[in-house]
file work-v6.cif (mmCIF, C-alpha atoms and all ligand atoms)
data_input
#
loop_
_atom_site.label_atom_id
_atom_site.label_comp_id
_atom_site.auth_asym_id
_atom_site.auth_seq_id
_atom_site.Cartn_x
_atom_site.Cartn_y
_atom_site.Cartn_z
CA MET A 40 -8.65 -4.39 10.11
CA LYS A 41 -10.31 -1.00 9.63
CA VAL A 42 -8.78 1.32 7.04
CA ASP A 43 -9.79 4.98 6.88
CA VAL A 44 -8.55 6.95 3.90
CA LEU A 45 -8.47 10.76 4.09
CA THR A 46 -8.49 12.48 0.70
CA ILE A 47 -9.79 15.55 -1.10
CA PHE A 48 -10.77 13.26 -4.00
CA PRO A 49 -13.06 10.57 -2.56
CA GLU A 50 -14.29 9.77 -6.08
CA PHE A 51 -10.82 8.46 -6.84
CA PHE A 52 -11.65 5.41 -4.70
CA ARG A 53 -15.22 4.88 -5.94
CA GLU A 54 -14.64 1.41 -7.37
CA VAL A 55 -11.01 0.67 -6.86
CA PHE A 56 -11.54 -1.54 -3.81
CA ASP A 57 -14.48 -3.41 -5.35
CA PHE A 58 -12.56 -6.09 -7.21
CA GLY A 59 -10.90 -9.43 -6.56
CA ILE A 60 -9.17 -10.13 -3.29
CA ILE A 61 -10.01 -6.79 -1.67
CA ARG A 62 -13.68 -7.09 -2.55
CA ARG A 63 -13.76 -10.63 -1.12
CA ALA A 64 -11.96 -9.49 2.02
CA LYS A 65 -14.51 -6.71 2.48
CA LEU A 66 -17.43 -9.10 2.02
CA ALA A 67 -15.89 -11.55 4.49
CA GLU A 68 -15.44 -8.66 6.95
CA ILE A 69 -11.69 -9.21 7.05
CA VAL A 70 -11.25 -5.54 6.23
CA GLU A 71 -13.48 -2.49 6.36
CA ILE A 72 -12.46 0.41 4.13
CA ASN A 73 -13.90 3.89 4.62
CA ILE A 74 -13.17 6.94 2.49
CA PHE A 75 -13.42 10.41 4.04
CA ASP A 76 -13.47 13.72 2.22
CA ILE A 77 -11.04 16.05 4.01
CA ARG A 78 -13.08 19.01 2.77
CA GLU A 79 -15.82 17.95 5.18
CA PHE A 80 -13.43 18.87 7.99
CA THR A 81 -12.72 22.45 6.89
CA THR A 82 -14.23 25.27 8.90
CA ASP A 83 -14.26 28.17 6.40
CA LYS A 84 -17.08 28.89 4.01
CA HIS A 85 -14.99 28.14 0.88
CA ARG A 86 -13.92 24.77 2.34
CA MET A 87 -10.28 25.47 1.51
CA THR A 88 -7.76 22.69 2.06
CA ASP A 89 -4.73 24.62 0.74
CA ASP A 90 -3.05 27.95 1.30
CA ARG A 91 0.06 29.86 0.21
CA PRO A 92 3.42 28.80 1.66
CA PHE A 93 5.01 30.88 4.41
CA GLY A 94 8.35 32.12 3.12
CA GLY A 95 7.06 32.34 -0.45
CA GLY A 96 7.75 30.03 -3.34
CA ASP A 97 5.73 28.09 -5.86
CA GLY A 98 2.55 26.19 -5.28
CA MET A 99 0.20 25.72 -2.40
CA VAL A 100 0.46 23.80 0.85
CA PHE A 101 -2.09 21.39 2.33
CA LYS A 102 -3.48 23.03 5.47
CA ALA A 103 -2.98 21.24 8.79
CA GLU A 104 -6.35 22.11 10.32
CA PRO A 105 -8.74 19.93 8.26
CA ILE A 106 -6.38 16.96 8.61
CA PHE A 107 -6.17 17.39 12.40
CA ASN A 108 -9.97 17.75 12.53
CA ALA A 109 -10.47 14.58 10.49
CA VAL A 110 -8.15 12.50 12.68
CA GLU A 111 -9.77 13.93 15.82
CA HIS A 112 -13.17 12.97 14.42
CA LEU A 113 -12.00 9.40 13.77
CA LEU A 114 -9.99 8.76 16.94
CA GLY A 115 -11.55 11.16 19.41
CA THR A 116 -8.15 12.78 19.82
CA CYS A 117 -5.35 14.20 17.72
CA GLU A 118 -2.72 13.65 20.40
CA ARG A 119 -0.50 10.80 19.34
CA GLU A 120 0.07 9.50 22.86
CA ASN A 121 -3.70 9.07 23.29
CA TYR A 122 -4.35 7.11 20.11
CA PRO A 123 -6.05 3.75 20.70
CA PRO A 124 -3.69 0.75 20.68
CA LYS A 125 -2.86 -0.84 17.31
CA THR A 126 -3.69 2.40 15.52
CA LYS A 127 -1.44 4.02 12.94
CA VAL A 128 -1.91 7.40 11.32
CA VAL A 129 0.12 7.28 8.14
CA LEU A 130 1.05 10.19 5.91
CA LEU A 131 1.75 9.13 2.32
CA THR A 132 4.79 11.13 1.27
CA PRO A 133 7.77 10.63 -1.04
CA GLN A 134 9.95 11.52 1.96
CA GLY A 135 8.82 8.58 4.09
CA ARG A 136 10.05 5.06 4.85
CA VAL A 137 9.90 3.08 1.63
CA PHE A 138 6.96 0.69 1.54
CA LYS A 139 8.22 -2.85 1.02
CA GLN A 140 6.75 -6.30 1.53
CA GLU A 141 8.21 -6.41 5.05
CA VAL A 142 6.42 -3.13 5.92
CA ALA A 143 3.17 -4.49 4.48
CA LYS A 144 3.61 -7.61 6.64
CA GLU A 145 4.41 -5.57 9.73
CA PHE A 146 1.27 -3.45 9.22
CA ALA A 147 -0.92 -6.49 8.45
CA ASP A 148 0.28 -8.20 11.64
CA GLU A 149 0.19 -5.27 14.02
CA ILE A 150 -2.50 -2.78 13.03
CA GLU A 151 -6.22 -2.85 13.71
CA ASN A 152 -7.01 0.70 12.61
CA LEU A 153 -5.01 2.25 9.77
CA ILE A 154 -5.61 5.88 8.84
CA LEU A 155 -4.04 6.93 5.53
CA ILE A 156 -3.63 10.62 4.76
CA CYS A 157 -3.36 11.47 1.05
CA GLY A 158 -1.38 14.65 0.51
CA ARG A 159 -1.75 17.01 -2.47
CA TYR A 160 -0.28 20.30 -3.71
CA GLU A 161 3.40 20.93 -2.84
CA GLY A 162 2.89 18.78 0.22
CA VAL A 163 1.33 18.88 3.67
CA ASP A 164 1.94 21.47 6.43
CA GLU A 165 4.89 20.02 8.36
CA ARG A 166 3.00 20.20 11.67
CA VAL A 167 1.01 17.18 10.48
CA ASN A 168 4.26 15.16 10.38
CA GLU A 169 5.50 16.70 13.61
CA ALA A 170 2.46 16.12 15.79
CA LEU A 171 -0.18 13.96 14.18
CA VAL A 172 1.21 11.07 12.18
CA THR A 173 2.78 7.92 13.57
CA ASP A 174 4.43 6.90 10.27
CA GLU A 175 5.47 8.50 6.99
CA ILE A 176 5.34 6.07 4.07
CA SER A 177 6.62 6.42 0.51
CA ILE A 178 5.75 3.93 -2.22
CA GLY A 179 8.99 4.65 -4.08
CA ASP A 180 11.52 7.19 -5.22
CA TYR A 181 9.31 9.21 -7.55
CA VAL A 182 6.83 12.03 -7.01
CA LEU A 183 3.12 11.51 -7.59
CA SER A 184 0.59 14.33 -7.89
CA GLY A 185 -1.22 13.07 -4.80
CA GLY A 186 -1.23 10.37 -2.17
CA GLU A 187 -4.29 8.57 -3.59
CA PRO A 188 -2.44 6.09 -5.86
CA ALA A 189 -0.05 5.41 -2.96
CA ALA A 190 -2.98 4.69 -0.62
CA ILE A 191 -4.35 2.17 -3.12
CA VAL A 192 -0.97 0.42 -3.34
CA VAL A 193 -0.57 0.29 0.44
CA VAL A 194 -4.11 -1.01 1.08
CA ASP A 195 -3.83 -3.69 -1.60
CA ALA A 196 -0.48 -5.00 -0.40
CA ILE A 197 -1.64 -5.12 3.24
CA VAL A 198 -5.08 -6.64 2.69
CA ARG A 199 -3.76 -9.65 0.79
CA LEU A 200 -1.60 -10.46 3.85
CA LEU A 201 -4.49 -10.39 6.34
CA PRO A 202 -5.44 -13.85 7.66
CA ASN A 203 -7.84 -15.65 5.28
CA ALA A 204 -7.79 -12.84 2.69
CA LEU A 205 -6.31 -15.11 0.04
CA GLY A 206 -8.36 -18.09 -1.06
CA SER A 207 -6.95 -21.53 -0.27
CA GLU A 208 -5.81 -21.79 -3.88
CA THR A 209 -3.42 -18.91 -3.46
CA SER A 210 -0.87 -18.08 -0.87
CA ALA A 211 1.46 -15.21 -0.15
CA VAL A 212 4.21 -17.53 1.11
CA ASN A 213 5.92 -17.89 -2.27
CA ASP A 214 5.18 -14.36 -3.43
CA SER A 215 8.15 -12.27 -4.47
CA PHE A 216 10.03 -10.76 -1.48
CA SER A 217 8.29 -12.95 1.13
CA SER A 218 11.15 -15.42 1.23
CA GLY A 219 13.79 -12.93 0.14
CA LEU A 220 13.61 -14.06 -3.50
CA LEU A 221 11.45 -13.18 -6.49
CA ASP A 222 8.67 -15.63 -7.24
CA TYR A 223 9.33 -18.60 -9.54
CA PRO A 224 7.82 -18.68 -13.09
CA HIS A 225 4.22 -19.85 -13.48
CA TYR A 226 2.61 -21.69 -16.42
CA THR A 227 -0.88 -22.94 -17.16
CA ARG A 228 -2.60 -24.81 -20.01
CA PRO A 229 -2.02 -25.39 -22.85
CA ALA A 230 1.26 -27.25 -22.42
CA GLU A 231 2.35 -25.87 -25.80
CA PHE A 232 1.38 -22.37 -26.96
CA ARG A 233 2.59 -20.89 -30.26
CA GLY A 234 5.47 -23.31 -30.26
CA MET A 235 6.50 -22.46 -26.67
CA LYS A 236 6.53 -25.48 -24.38
CA VAL A 237 6.01 -25.60 -20.63
CA PRO A 238 9.17 -26.97 -18.93
CA GLU A 239 8.99 -30.76 -18.89
CA VAL A 240 9.63 -30.99 -15.14
CA LEU A 241 6.27 -29.34 -14.39
CA LEU A 242 4.41 -32.01 -16.32
CA ASN A 243 5.84 -35.14 -14.70
CA GLY A 244 4.07 -34.94 -11.32
CA ASN A 245 7.30 -35.39 -9.31
CA HIS A 246 6.71 -32.88 -6.54
CA ALA A 247 10.23 -32.99 -5.12
CA GLU A 248 11.69 -32.23 -8.55
CA ILE A 249 9.13 -29.50 -9.17
CA GLU A 250 9.98 -27.87 -5.84
CA LYS A 251 13.72 -28.04 -6.63
CA TRP A 252 13.14 -26.54 -10.09
CA ARG A 253 11.03 -23.71 -8.64
CA GLN A 254 13.67 -22.83 -6.05
CA GLN A 255 16.33 -22.83 -8.74
CA LYS A 256 14.26 -20.58 -11.04
CA ALA A 257 13.39 -18.19 -8.19
CA LEU A 258 17.10 -17.85 -7.47
CA GLU A 259 17.98 -17.34 -11.15
CA LYS A 260 15.32 -14.63 -11.53
CA THR A 261 16.49 -12.87 -8.40
CA LEU A 262 20.11 -12.99 -9.58
CA LYS A 263 19.07 -11.61 -12.96
CA PHE A 264 16.73 -8.83 -11.90
CA ARG A 265 17.25 -8.08 -8.19
CA LYS A 266 20.74 -9.04 -7.06
CA ASP A 267 20.35 -6.49 -4.26
CA LEU A 268 17.88 -8.84 -2.52
CA LEU A 269 20.62 -11.46 -2.15
CA ASN A 270 23.04 -9.17 -0.31
CA ILE A 271 25.90 -10.04 -2.61
CA GLY A 272 28.18 -7.38 -3.98
CA GLU A 273 28.72 -6.73 -7.67
CA SER A 274 31.67 -8.73 -8.99
N1 LIG A 301 6.91 18.59 -2.81
C1 LIG A 301 6.81 17.25 -2.30
C2 LIG A 301 8.20 16.65 -2.26
O1 LIG A 301 8.97 16.88 -3.19
O2 LIG A 301 8.50 15.89 -1.33
C3 LIG A 301 5.94 16.39 -3.20
C4 LIG A 301 4.48 16.71 -3.08
S1 LIG A 301 3.51 15.67 -4.13
C5 LIG A 301 3.35 16.65 -5.57
C6 LIG A 301 1.90 15.75 -3.44
C7 LIG A 301 1.51 14.58 -2.56
O3 LIG A 301 1.59 13.36 -3.29
C8 LIG A 301 2.38 14.35 -1.35
O4 LIG A 301 2.02 15.18 -0.27
C9 LIG A 301 2.11 12.89 -1.04
O5 LIG A 301 0.93 12.72 -0.27
C10 LIG A 301 1.86 12.28 -2.41
N2 LIG A 301 3.03 11.55 -2.92
C11 LIG A 301 3.82 11.93 -3.94
N3 LIG A 301 4.78 11.03 -4.18
C12 LIG A 301 4.58 10.02 -3.30
C13 LIG A 301 5.26 8.80 -3.05
N4 LIG A 301 6.34 8.43 -3.73
N5 LIG A 301 4.80 8.00 -2.05
C14 LIG A 301 3.72 8.37 -1.33
N6 LIG A 301 3.04 9.52 -1.52
C15 LIG A 301 3.45 10.35 -2.49
#
call {"tool": "encode", "arguments": {"input": "work-v6.cif", "output": "structure tokens", "more": "lines below"}}
Ligand code: SAM
result
Amino acid sequence: MKVDVLTIFPEFFREVFDFGIIRRAKLAEIVEINIFDIREFTTDKHRMTDDRPFGGGDGMVFKAEPIFNAVEHLLGTCERENYPPKTKVVLLTPQGRVFKQEVAKEFADEIENLILICGRYEGVDERVNEALVTDEISIGDYVLSGGEPAAIVVVDAIVRLLPNALGSETSAVNDSFSSGLLDYPHYTRPAEFRGMKVPEVLLNGNHAEIEKWRQQKALEKTLKFRKDLLNIGES
């Protein structure tokens, strides 16, 4: 998968994708991540990316032109119907579809080229949503100062789901949300730490019992913290 991030703060991403699973995925050429400075796509001498809002009001608005220019540079077109197959142009916005594990999976399975647009200011000129983007994605019901942290979240969640991105010792299958439940509790050595003991069942080597215990614990955790995942009403 190729990921292109459009931002006015390229420095924000200087090292963030150089650790752990994402770094390994980059080295193994499972993913290529490129960061583009939207200012490079301005046409005025002050390289302005914002301007005052029509209709008045507080704050500034992210101009459409440099974003259109950047997408045109990357795809050879800024007409949605002419985008190459398996391409998505995503605007990070608190007003978008909420990014969940199922969206990460959908993107990991279906996309070859993902362009992420990081907004700033009071938001992005609406013509970007109207004509340029294929998807609007929110990472949750809160407002960030810019789309950069959201881009990092989206890239991380997608990359770990790409084929072979996780080492053989780890797997996304039991991760929270993948099976509709939260993950089960994990323990490692020592078997006793500050008087706290690892559950006996995990020490006896009976894999059927361990599996049963893990399922039970995953269900208990989900009931305790995220009943909404189980589609059962409050009673
Ligand atoms: N005035 C906008 C609103 O209330 O919908 C918020 C603008 S916010 C200060 C600036 C930028 O941060 C947005 O254009 C978007 O790119 C990004 N952003 C903020 N919250 C976000 C969220 N929950 N998910 C994704 N991107 C977000």
call {"tool": "residues_near_ligand", "arguments": {"input": "work-v6.cif", "ligand": "ligand LIG 301 (chain A)", "cutoff": "6 Å", "atoms": "only C-alpha atoms and all ligand atoms", "output": "PyMOL selection string"}}
result
chain A and resi 131-134+157-163+177-186+189
call {"tool": "closest_atom_pairs", "arguments": {"input": "work-v6.cif", "of": "range 230-265 of chain A", "to": "range 210-221 of chain A", "cutoff": "8 Å", "atoms": "only C-alpha atoms", "output": "tab-separated table"}}
result
residue	atom	partner	partner_atom	distance
A:Ala257	CA	A:Leu221	CA	5.6
A:Leu258	CA	A:Leu220	CA	6.5
A:Lys260	CA	A:Leu221	CA	6.5
A:Thr261	CA	A:Leu221	CA	5.4
A:Arg265	CA	A:Leu221	CA	7.9
call {"tool": "write_last_selection", "arguments": {"input": "work-v6.cif", "atoms": "C-alpha atoms", "output": "short mmCIF file (atom, residue, chain, number, x, y, z; two decimals), in the frame of the given file"}}
result
data_model
loop_
_atom_site.label_atom_id
_atom_site.label_comp_id
_atom_site.auth_asym_id
_atom_site.auth_seq_id
_atom_site.Cartn_x
_atom_site.Cartn_y
_atom_site.Cartn_z
CA ALA A 257 13.39 -18.19 -8.19
CA LEU A 258 17.10 -17.85 -7.47
CA LYS A 260 15.32 -14.63 -11.53
CA THR A 261 16.49 -12.87 -8.40
CA ARG A 265 17.25 -8.08 -8.19
#
call {"tool": "residues_around", "arguments": {"input": "work-v6.cif", "residues": "Leu45 in chain A", "least_positions_apart": "4", "cutoff": "7 Å", "atoms": "all atoms listed in the file", "output": "list in words"}}
result
Ile74, Phe75, Asp76, Ile77, Leu155, Ile156 and Cys157 of chain A
call {"tool": "atom_distance", "arguments": {"input": "work-v6.cif", "atom1": "CA of Glu120 in chain A", "atom2": "CA of Asp148 in chain A"}}
result
21.0 Å
call {"tool": "atom_distance", "arguments": {"input": "work-v6.cif", "atom1": "CA of Arg228 in chain A", "atom2": "CA of Val198 in chain A"}}
result
29.2 Å
call {"tool": "atom_distance", "arguments": {"input": "work-v6.cif", "atom1": "CA of Leu130 in chain A", "atom2": "CA of Gly94 in chain A"}}
result
23.3 Å
call {"tool": "decode", "arguments": {"input": "work-v6.cif", "residues": "range 124-155 of chain A", "atoms": "C-alpha atoms", "output": "compact mmCIF listing (two decimals), in the first residue's frame"}}
result
# COMPACT_ATOMS: atom_id res chain seq x y z
CA PRO A 124 -8.72 2.13 -9.06
CA LYS A 125 -8.21 1.27 -5.38
CA THR A 126 -7.41 4.89 -4.58
CA LYS A 127 -9.00 6.82 -1.74
CA VAL A 128 -8.61 10.51 -1.02
CA VAL A 129 -9.53 10.92 2.63
CA LEU A 130 -10.19 14.15 4.48
CA LEU A 131 -9.57 13.86 8.22
CA THR A 132 -12.44 15.74 9.84
CA PRO A 133 -14.44 15.50 13.07
CA GLN A 134 -17.54 15.48 10.85
CA GLY A 135 -16.66 12.25 9.04
CA ARG A 136 -17.47 8.56 9.39
CA VAL A 137 -16.02 7.37 12.68
CA PHE A 138 -12.85 5.35 12.21
CA LYS A 139 -13.28 1.92 13.75
CA GLN A 140 -11.50 -1.40 13.41
CA GLU A 141 -13.93 -2.44 10.67
CA VAL A 142 -13.05 0.71 8.67
CA ALA A 143 -9.34 0.03 9.16
CA LYS A 144 -9.90 -3.52 7.88
CA GLU A 145 -11.93 -2.31 4.91
CA PHE A 146 -9.18 0.16 3.96
CA ALA A 147 -6.39 -2.41 4.49
CA ASP A 148 -8.22 -4.90 2.25
CA GLU A 149 -9.34 -2.58 -0.51
CA ILE A 150 -6.92 0.31 -0.95
CA GLU A 151 -3.63 0.45 -2.80
CA ASN A 152 -3.13 4.21 -2.69
CA LEU A 153 -4.39 6.16 0.32
CA ILE A 154 -4.14 9.95 0.33
CA LEU A 155 -4.77 11.56 3.72
